[in-house]
Amino acid sequence: MKLYRRFRKYAGRAWRRWRALRLDRETLEARMDGRLPLYLSVETTSVCNARCIFCAYPDMKRPKQIMTPEAFEDVIEQYVAMGGGSVNLTPIVGDPLIDPHFHQRLEVLGRYPQITEVVFFTNAIELKADKIKAIIECGNWLRTTISIAGTTRETYADLMGVDKFDRVRANTLSFLETNLANGNPHPIGVVFRSPHGPETLAKDPSPFLHEVNAYAEKGACQIFFHEEMDTWSGDIPAERLTSRGFVIRKPTHRSAPCALLYYMPTVLADGRVNACACRDVEATLIIGDVKSESLEAIWNGQALREIRDAHWRGDFPDVCQTCDAYVPLDEKLADEPGPRGNWARLPET
């Protein structure tokens, strides 16, 4: 079964590459010209309360900060002025539930109909009753994904780096029960990071996993299994992951710039704007600062163009050279030609 899933995955990737061969740079840039970002990623906090073995956060050297309420509201107002769209509150690292201004962030985001969707990941350590209530009341414009590795206290501590399993289990089940009791108004995803992938349900007798699955069967959440990991551009030793049975994601052929350079800028907690919203943990791809220039000017500015041009030349910045989360723009457009977020329908190829 696992071999079949891998075959389907790589066959699909080969199909996308074949379609992408028809998209040269001129065609791609013509299709992307003037488009607004799909998402605005906002790092409300760069602080996390776990030390996951599959994340680069434990070794991060840049300052751990929390964005001020004034800066957050200003960024959202600028994004709305650009047309709005989707907002991601977990761009690189950090858990939004640690943020002491979390409730205020939701109030600001809910104020604008131009903000069509808000998403975030959490480890659920700080998923307390007041936050559960606030999240559920947001309904379906807010989507929460809980990230969990390990379904017992021992495996959780090994993979997540903290002894918080009992708390996470209680918080997660309380969240799902509250959603169910209110008619499941809030979209919840629960991601179990397991080397067994979807077969985990059959192989893992852990009560917690099956408790969550019972709620999934009632529509209170969706369960996802991640068996692949990446090394965060080499920041995480591969053997740390493979020794626990995880598969390392194979790097994708670099046929065009990374799609994330065209999809979503990231406003960091200190106001600087980073071109990468994924694996640049030390924020080496800075393209501006909203304290001194507008978000729109940064998105359309020279610094971002230079990074895109470097990708086109194959002159990838250090953090991009070994990134196994890279998504080629040509394959992304070949795979998703329809409308999404701020983008109008892309011309047919």
# chains A, B, ... in the order shown; residues from 1 in each chain; ligands from 1
>>> residues_around(residues="A:Leu106", least_positions_apart="4", cutoff="12 Å", atoms="only C-alpha atoms", output="JSON, numbers by chain")
{"A": [44, 69, 72, 73, 76, 87, 89, 96, 97, 99, 100, 101, 102, 110, 111, 112, 115, 117, 118, 119, 120, 131, 133, 134, 135, 136, 137, 138, 139, 141, 142, 143]}
>>> select_by_dssp(residues="stretch 191-263 of chain A", states="alpha helix (DSSP H)", output="number ranges by chain")
A: 200-203, 207-217, 238-242, 260-263
>>> write_last_selection(atoms="N, CA and C atoms", output="JSON list (two decimals), in the first residue's frame")
[["chain", "number", "residue", "atom", "x", "y", "z"],
["A", 200, "THR", "N", -1.04, 4.37, 10.10],
["A", 200, "THR", "CA", -0.90, 4.55, 11.54],
["A", 200, "THR", "C", -2.15, 4.13, 12.28],
["A", 201, "LEU", "N", -3.32, 4.44, 11.73],
["A", 201, "LEU", "CA", -4.58, 4.09, 12.40],
["A", 201, "LEU", "C", -4.69, 2.60, 12.65],
["A", 202, "ALA", "N", -4.23, 1.81, 11.69],
["A", 202, "ALA", "CA", -4.32, 0.36, 11.83],
["A", 202, "ALA", "C", -3.22, -0.20, 12.73],
["A", 203, "LYS", "N", -2.06, 0.48, 12.76],
["A", 203, "LYS", "CA", -0.90, -0.07, 13.45],
["A", 203, "LYS", "C", -0.73, 0.46, 14.87],
["A", 207, "PRO", "N", -4.76, 5.07, 22.55],
["A", 207, "PRO", "CA", -6.13, 5.57, 22.76],
["A", 207, "PRO", "C", -6.33, 6.97, 22.20],
["A", 208, "PHE", "N", -5.31, 7.83, 22.33],
["A", 208, "PHE", "CA", -5.45, 9.22, 21.87],
["A", 208, "PHE", "C", -5.76, 9.28, 20.38],
["A", 209, "LEU", "N", -5.02, 8.55, 19.58],
["A", 209, "LEU", "CA", -5.23, 8.55, 18.14],
["A", 209, "LEU", "C", -6.66, 8.13, 17.80],
["A", 210, "HIS", "N", -7.15, 7.12, 18.46],
["A", 210, "HIS", "CA", -8.48, 6.61, 18.15],
["A", 210, "HIS", "C", -9.58, 7.50, 18.74],
["A", 211, "GLU", "N", -9.26, 8.23, 19.80],
["A", 211, "GLU", "CA", -10.20, 9.23, 20.32],
["A", 211, "GLU", "C", -10.39, 10.35, 19.31],
["A", 212, "VAL", "N", -9.29, 10.81, 18.74],
["A", 212, "VAL", "CA", -9.38, 11.86, 17.71],
["A", 212, "VAL", "C", -10.11, 11.34, 16.49],
["A", 213, "ASN", "N", -9.82, 10.09, 16.11],
["A", 213, "ASN", "CA", -10.50, 9.51, 14.94],
["A", 213, "ASN", "C", -12.01, 9.42, 15.15],
["A", 214, "ALA", "N", -12.43, 9.16, 16.38],
["A", 214, "ALA", "CA", -13.86, 9.11, 16.66],
["A", 214, "ALA", "C", -14.52, 10.46, 16.41],
["A", 215, "TYR", "N", -13.83, 11.53, 16.77],
["A", 215, "TYR", "CA", -14.36, 12.87, 16.48],
["A", 215, "TYR", "C", -14.34, 13.15, 14.98],
["A", 216, "ALA", "N", -13.32, 12.66, 14.29],
["A", 216, "ALA", "CA", -13.25, 12.85, 12.83],
["A", 216, "ALA", "C", -14.44, 12.18, 12.16],
["A", 217, "GLU", "N", -14.82, 11.01, 12.64],
["A", 217, "GLU", "CA", -15.95, 10.30, 12.06],
["A", 217, "GLU", "C", -17.27, 11.03, 12.28],
["A", 238, "ALA", "N", 19.76, 14.75, 8.78],
["A", 238, "ALA", "CA", 18.82, 13.77, 8.22],
["A", 238, "ALA", "C", 18.70, 12.54, 9.12],
["A", 239, "GLU", "N", 19.82, 12.14, 9.74],
["A", 239, "GLU", "CA", 19.77, 10.94, 10.56],
["A", 239, "GLU", "C", 18.90, 11.11, 11.80],
["A", 240, "ARG", "N", 18.69, 12.33, 12.23],
["A", 240, "ARG", "CA", 17.78, 12.57, 13.35],
["A", 240, "ARG", "C", 16.37, 12.14, 12.99],
["A", 241, "LEU", "N", 16.02, 12.25, 11.73],
["A", 241, "LEU", "CA", 14.68, 11.89, 11.26],
["A", 241, "LEU", "C", 14.61, 10.42, 10.81],
["A", 242, "THR", "N", 15.60, 10.01, 10.02],
["A", 242, "THR", "CA", 15.57, 8.65, 9.49],
["A", 242, "THR", "C", 15.74, 7.61, 10.60],
["A", 260, "LEU", "N", 6.70, 30.12, -3.95],
["A", 260, "LEU", "CA", 6.42, 30.93, -2.78],
["A", 260, "LEU", "C", 6.87, 32.38, -2.96],
["A", 261, "LEU", "N", 7.82, 32.61, -3.86],
["A", 261, "LEU", "CA", 8.26, 33.98, -4.13],
["A", 261, "LEU", "C", 7.16, 34.78, -4.82],
["A", 262, "TYR", "N", 6.18, 34.10, -5.38],
["A", 262, "TYR", "CA", 5.07, 34.76, -6.06],
["A", 262, "TYR", "C", 3.77, 34.59, -5.27],
["A", 263, "TYR", "N", 3.78, 33.76, -4.25],
["A", 263, "TYR", "CA", 2.55, 33.43, -3.54],
["A", 263, "TYR", "C", 2.33, 34.25, -2.28]]
>>> residues_around(residues="A:Cys323", least_positions_apart="5", cutoff="8 Å", atoms="only C-alpha atoms", output="list in words")
Thr231, Trp232, Ser233, Gly234, Pro251 and Arg279 of chain A
>>> write_last_selection(atoms="N, CA, C and O atoms", output="CSV table (one decimal), in the first residue's frame")
chain,number,residue,atom,x,y,z
A,231,THR,N,14.7,18.6,5.9
A,231,THR,CA,15.8,19.0,6.7
A,231,THR,C,16.0,20.5,6.9
A,231,THR,O,17.0,20.9,7.5
A,232,TRP,N,15.0,21.2,6.5
A,232,TRP,CA,15.0,22.7,6.6
A,232,TRP,C,16.3,23.2,6.0
A,232,TRP,O,17.1,23.9,6.7
A,233,SER,N,16.5,22.9,4.8
A,233,SER,CA,17.7,23.4,4.0
A,233,SER,C,19.0,22.9,4.7
A,233,SER,O,20.0,23.6,4.7
A,234,GLY,N,19.0,21.7,5.3
A,234,GLY,CA,20.2,21.2,5.9
A,234,GLY,C,20.4,21.5,7.3
A,234,GLY,O,21.4,21.1,8.0
A,251,PRO,N,14.4,16.2,-2.9
A,251,PRO,CA,14.4,17.6,-3.5
A,251,PRO,C,13.8,17.5,-4.9
A,251,PRO,O,13.9,16.6,-5.6
A,279,ARG,N,10.9,28.0,4.9
A,279,ARG,CA,12.0,27.3,5.6
A,279,ARG,C,13.2,28.2,5.9
A,279,ARG,O,14.2,27.8,6.4
>>> atom_distance(atom1="atom CA of A:Arg308", atom2="atom CA of A:Ala81")
24.5 Å
>>> closest_atom_pairs(of="stretch 55-133 of chain A", to="stretch 159-163 of chain A", cutoff="10 Å", atoms="only C-alpha atoms", output="tab-separated table")
residue	atom	partner	partner_atom	distance
A:Cys55	CA	A:Met160	CA	9.2
A:Pro58	CA	A:Gly161	CA	9.4
A:Asn123	CA	A:Met160	CA	9.1
>>> write_last_selection(atoms="all heavy atoms", output="compact mmCIF listing (two decimals), in the first residue's frame")
# COMPACT_ATOMS: atom_id res chain seq x y z
N CYS A 55 11.90 20.36 13.38
CA CYS A 55 11.81 21.80 13.15
C CYS A 55 13.16 22.45 13.48
O CYS A 55 13.86 22.01 14.40
CB CYS A 55 10.71 22.40 14.02
SG CYS A 55 10.51 24.20 13.84
N PRO A 58 14.57 25.04 17.47
CA PRO A 58 15.44 24.94 18.64
C PRO A 58 16.82 25.55 18.43
O PRO A 58 17.47 25.98 19.39
CB PRO A 58 15.54 23.43 18.88
CG PRO A 58 14.25 22.90 18.35
CD PRO A 58 13.98 23.73 17.13
N ASN A 123 0.65 23.65 18.25
CA ASN A 123 0.94 22.37 18.88
C ASN A 123 -0.07 22.04 19.98
O ASN A 123 0.01 20.99 20.61
CB ASN A 123 2.36 22.33 19.43
CG ASN A 123 2.65 23.47 20.39
OD1 ASN A 123 1.79 23.90 21.17
ND2 ASN A 123 3.87 23.98 20.35
>>> residues_around(residues="A:Val247", least_positions_apart="5", cutoff="7 Å", atoms="only C-alpha atoms", output="PyMOL selection string")
chain A and resi 227-229+242
>>> write_last_selection(atoms="C-alpha atoms", output="PDB file, in the first residue's frame")
ATOM      1  CA  GLU A 227       5.346  10.368   6.964  1.00  0.00           C
ATOM      2  CA  GLU A 228       7.766  12.591   5.039  1.00  0.00           C
ATOM      3  CA  MET A 229      10.022  15.159   6.680  1.00  0.00           C
ATOM      4  CA  THR A 242      15.570   8.652   9.492  1.00  0.00           C
TER       5      THR A 242
END
>>> residues_around(residues="A:Val42", least_positions_apart="3", cutoff="8 Å", atoms="only C-alpha atoms", output="NGL selection string")
:A and (87-91 or 266-269)
>>> closest_residue(among="A:Ile66, A:Leu36, A:Leu304, A:Ile146", to="A:Val168", atoms="only C-alpha atoms")
A:Ile146
>>> closest_residue(among="A:Lys128, A:Ile188, A:Ser46, A:Pro198", to="A:Arg167", atoms="only C-alpha atoms")
A:Lys128
>>> residues_around(residues="A:His253", least_positions_apart="6", cutoff="10 Å", atoms="only C-alpha atoms", output="list in words")
Arg17, Asp324, Tyr326, Val327 and Pro328 of chain A
>>> closest_residue(among="A:Asp309, A:Asp270, A:Asp318, A:Asp235", to="A:Ala56", atoms="only C-alpha atoms")
A:Asp235
>>> select_by_dssp(residues="stretch 115-338 of chain A", states="strand (DSSP E or B)", output="VMD selection string")
chain A and resid 115 to 122 142 to 149 188 to 193 222 to 226 228 to 229 247 to 248 258 266 to 267 272 to 274 286 to 289 328
>>> closest_residue(among="A:Asn171, A:Thr144, A:Gln114, A:Ser41", to="A:Val93", atoms="only C-alpha atoms")
A:Ser41
>>> atom_distance(atom1="atom CA of A:Ile298", atom2="atom CA of A:Met67")
18.8 Å
>>> decode(residues="stretch 87-101 of chain A", atoms="all heavy atoms", output="CSV table (one decimal), in the first residue's frame")
chain,number,residue,atom,x,y,z
A,87,VAL,N,-4.9,35.0,5.0
A,87,VAL,CA,-3.8,35.4,6.0
A,87,VAL,C,-3.4,34.1,6.6
A,87,VAL,O,-4.2,33.3,7.1
A,87,VAL,CB,-4.3,36.4,7.0
A,87,VAL,CG1,-3.2,36.6,8.1
A,87,VAL,CG2,-4.6,37.7,6.4
A,88,ASN,N,-2.0,33.9,6.7
A,88,ASN,CA,-1.4,32.8,7.4
A,88,ASN,C,-0.7,33.3,8.6
A,88,ASN,O,0.2,34.1,8.5
A,88,ASN,CB,-0.4,32.1,6.4
A,88,ASN,CG,0.4,31.0,7.1
A,88,ASN,OD1,0.0,30.5,8.1
A,88,ASN,ND2,1.6,30.8,6.5
A,89,LEU,N,-1.0,32.8,9.8
A,89,LEU,CA,-0.4,33.2,11.0
A,89,LEU,C,0.7,32.3,11.5
A,89,LEU,O,1.2,32.5,12.6
A,89,LEU,CB,-1.5,33.3,12.1
A,89,LEU,CG,-2.6,34.3,11.9
A,89,LEU,CD1,-3.6,34.3,13.1
A,89,LEU,CD2,-2.1,35.7,11.7
A,90,THR,N,1.1,31.4,10.7
A,90,THR,CA,2.2,30.5,11.1
A,90,THR,C,3.2,30.3,9.9
A,90,THR,O,3.3,29.3,9.3
A,90,THR,CB,1.7,29.1,11.5
A,90,THR,OG1,0.5,29.2,12.2
A,90,THR,CG2,2.7,28.4,12.4
A,91,PRO,N,3.9,31.4,9.5
A,91,PRO,CA,4.7,31.3,8.3
A,91,PRO,C,6.0,30.5,8.4
A,91,PRO,O,6.2,29.6,7.6
A,91,PRO,CB,5.1,32.8,8.1
A,91,PRO,CG,4.9,33.5,9.4
A,91,PRO,CD,3.9,32.7,10.1
A,92,ILE,N,6.8,30.7,9.4
A,92,ILE,CA,8.1,29.9,9.5
A,92,ILE,C,8.2,29.2,10.8
A,92,ILE,O,8.2,27.9,10.8
A,92,ILE,CB,9.3,30.9,9.3
A,92,ILE,CG1,9.2,31.7,8.0
A,92,ILE,CG2,10.6,30.1,9.3
A,92,ILE,CD1,10.3,32.7,7.8
A,93,VAL,N,8.2,29.9,11.9
A,93,VAL,CA,8.2,29.3,13.2
A,93,VAL,C,7.3,30.1,14.2
A,93,VAL,O,6.8,31.1,13.8
A,93,VAL,CB,9.7,29.2,13.8
A,93,VAL,CG1,10.6,28.3,13.0
A,93,VAL,CG2,10.2,30.6,14.0
A,94,GLY,N,7.1,29.5,15.4
A,94,GLY,CA,6.3,30.2,16.3
A,94,GLY,C,4.9,29.6,16.4
A,94,GLY,O,4.4,29.1,15.4
A,95,ASP,N,4.3,29.7,17.6
A,95,ASP,CA,3.0,29.2,17.8
A,95,ASP,C,2.1,30.4,18.2
A,95,ASP,O,2.3,31.0,19.2
A,95,ASP,CB,2.9,28.2,19.0
A,95,ASP,CG,1.6,27.4,19.0
A,95,ASP,OD1,0.6,28.1,19.1
A,95,ASP,OD2,1.6,26.2,19.0
A,96,PRO,N,1.1,30.7,17.4
A,96,PRO,CA,0.2,31.9,17.6
A,96,PRO,C,-0.5,31.9,18.9
A,96,PRO,O,-0.8,33.0,19.4
A,96,PRO,CB,-0.8,31.8,16.5
A,96,PRO,CG,-0.1,31.0,15.4
A,96,PRO,CD,0.7,30.0,16.1
A,97,LEU,N,-0.7,30.7,19.5
A,97,LEU,CA,-1.4,30.7,20.8
A,97,LEU,C,-0.5,31.1,22.0
A,97,LEU,O,-1.1,31.4,23.1
A,97,LEU,CB,-1.9,29.3,21.1
A,97,LEU,CG,-3.0,28.8,20.1
A,97,LEU,CD1,-3.6,27.4,20.5
A,97,LEU,CD2,-4.1,29.8,19.8
A,98,ILE,N,0.8,31.3,21.8
A,98,ILE,CA,1.6,31.8,22.8
A,98,ILE,C,1.5,33.4,22.9
A,98,ILE,O,1.7,34.0,23.9
A,98,ILE,CB,3.1,31.5,22.5
A,98,ILE,CG1,3.3,30.0,22.7
A,98,ILE,CG2,4.1,32.3,23.4
A,98,ILE,CD1,4.7,29.6,22.3
A,99,ASP,N,1.1,33.9,21.7
A,99,ASP,CA,0.9,35.4,21.6
A,99,ASP,C,-0.1,35.9,22.6
A,99,ASP,O,-1.3,35.5,22.6
A,99,ASP,CB,0.5,35.7,20.2
A,99,ASP,CG,0.2,37.1,19.9
A,99,ASP,OD1,0.5,38.0,20.7
A,99,ASP,OD2,-0.3,37.4,18.8
A,100,PRO,N,0.3,36.9,23.5
A,100,PRO,CA,-0.6,37.4,24.5
A,100,PRO,C,-1.7,38.3,23.8
A,100,PRO,O,-2.7,38.6,24.5
A,100,PRO,CB,0.3,38.3,25.4
A,100,PRO,CG,1.5,38.6,24.5
A,100,PRO,CD,1.7,37.4,23.6
A,101,HIS,N,-1.5,38.6,22.6
A,101,HIS,CA,-2.5,39.4,21.9
A,101,HIS,C,-3.4,38.6,20.9
A,101,HIS,O,-4.0,39.2,20.0
A,101,HIS,CB,-1.8,40.6,21.1
A,101,HIS,CG,-0.8,41.3,21.8
A,101,HIS,ND1,-1.1,42.1,22.9
A,101,HIS,CD2,0.5,41.4,21.7
A,101,HIS,CE1,0.0,42.7,23.4
A,101,HIS,NE2,1.0,42.2,22.7
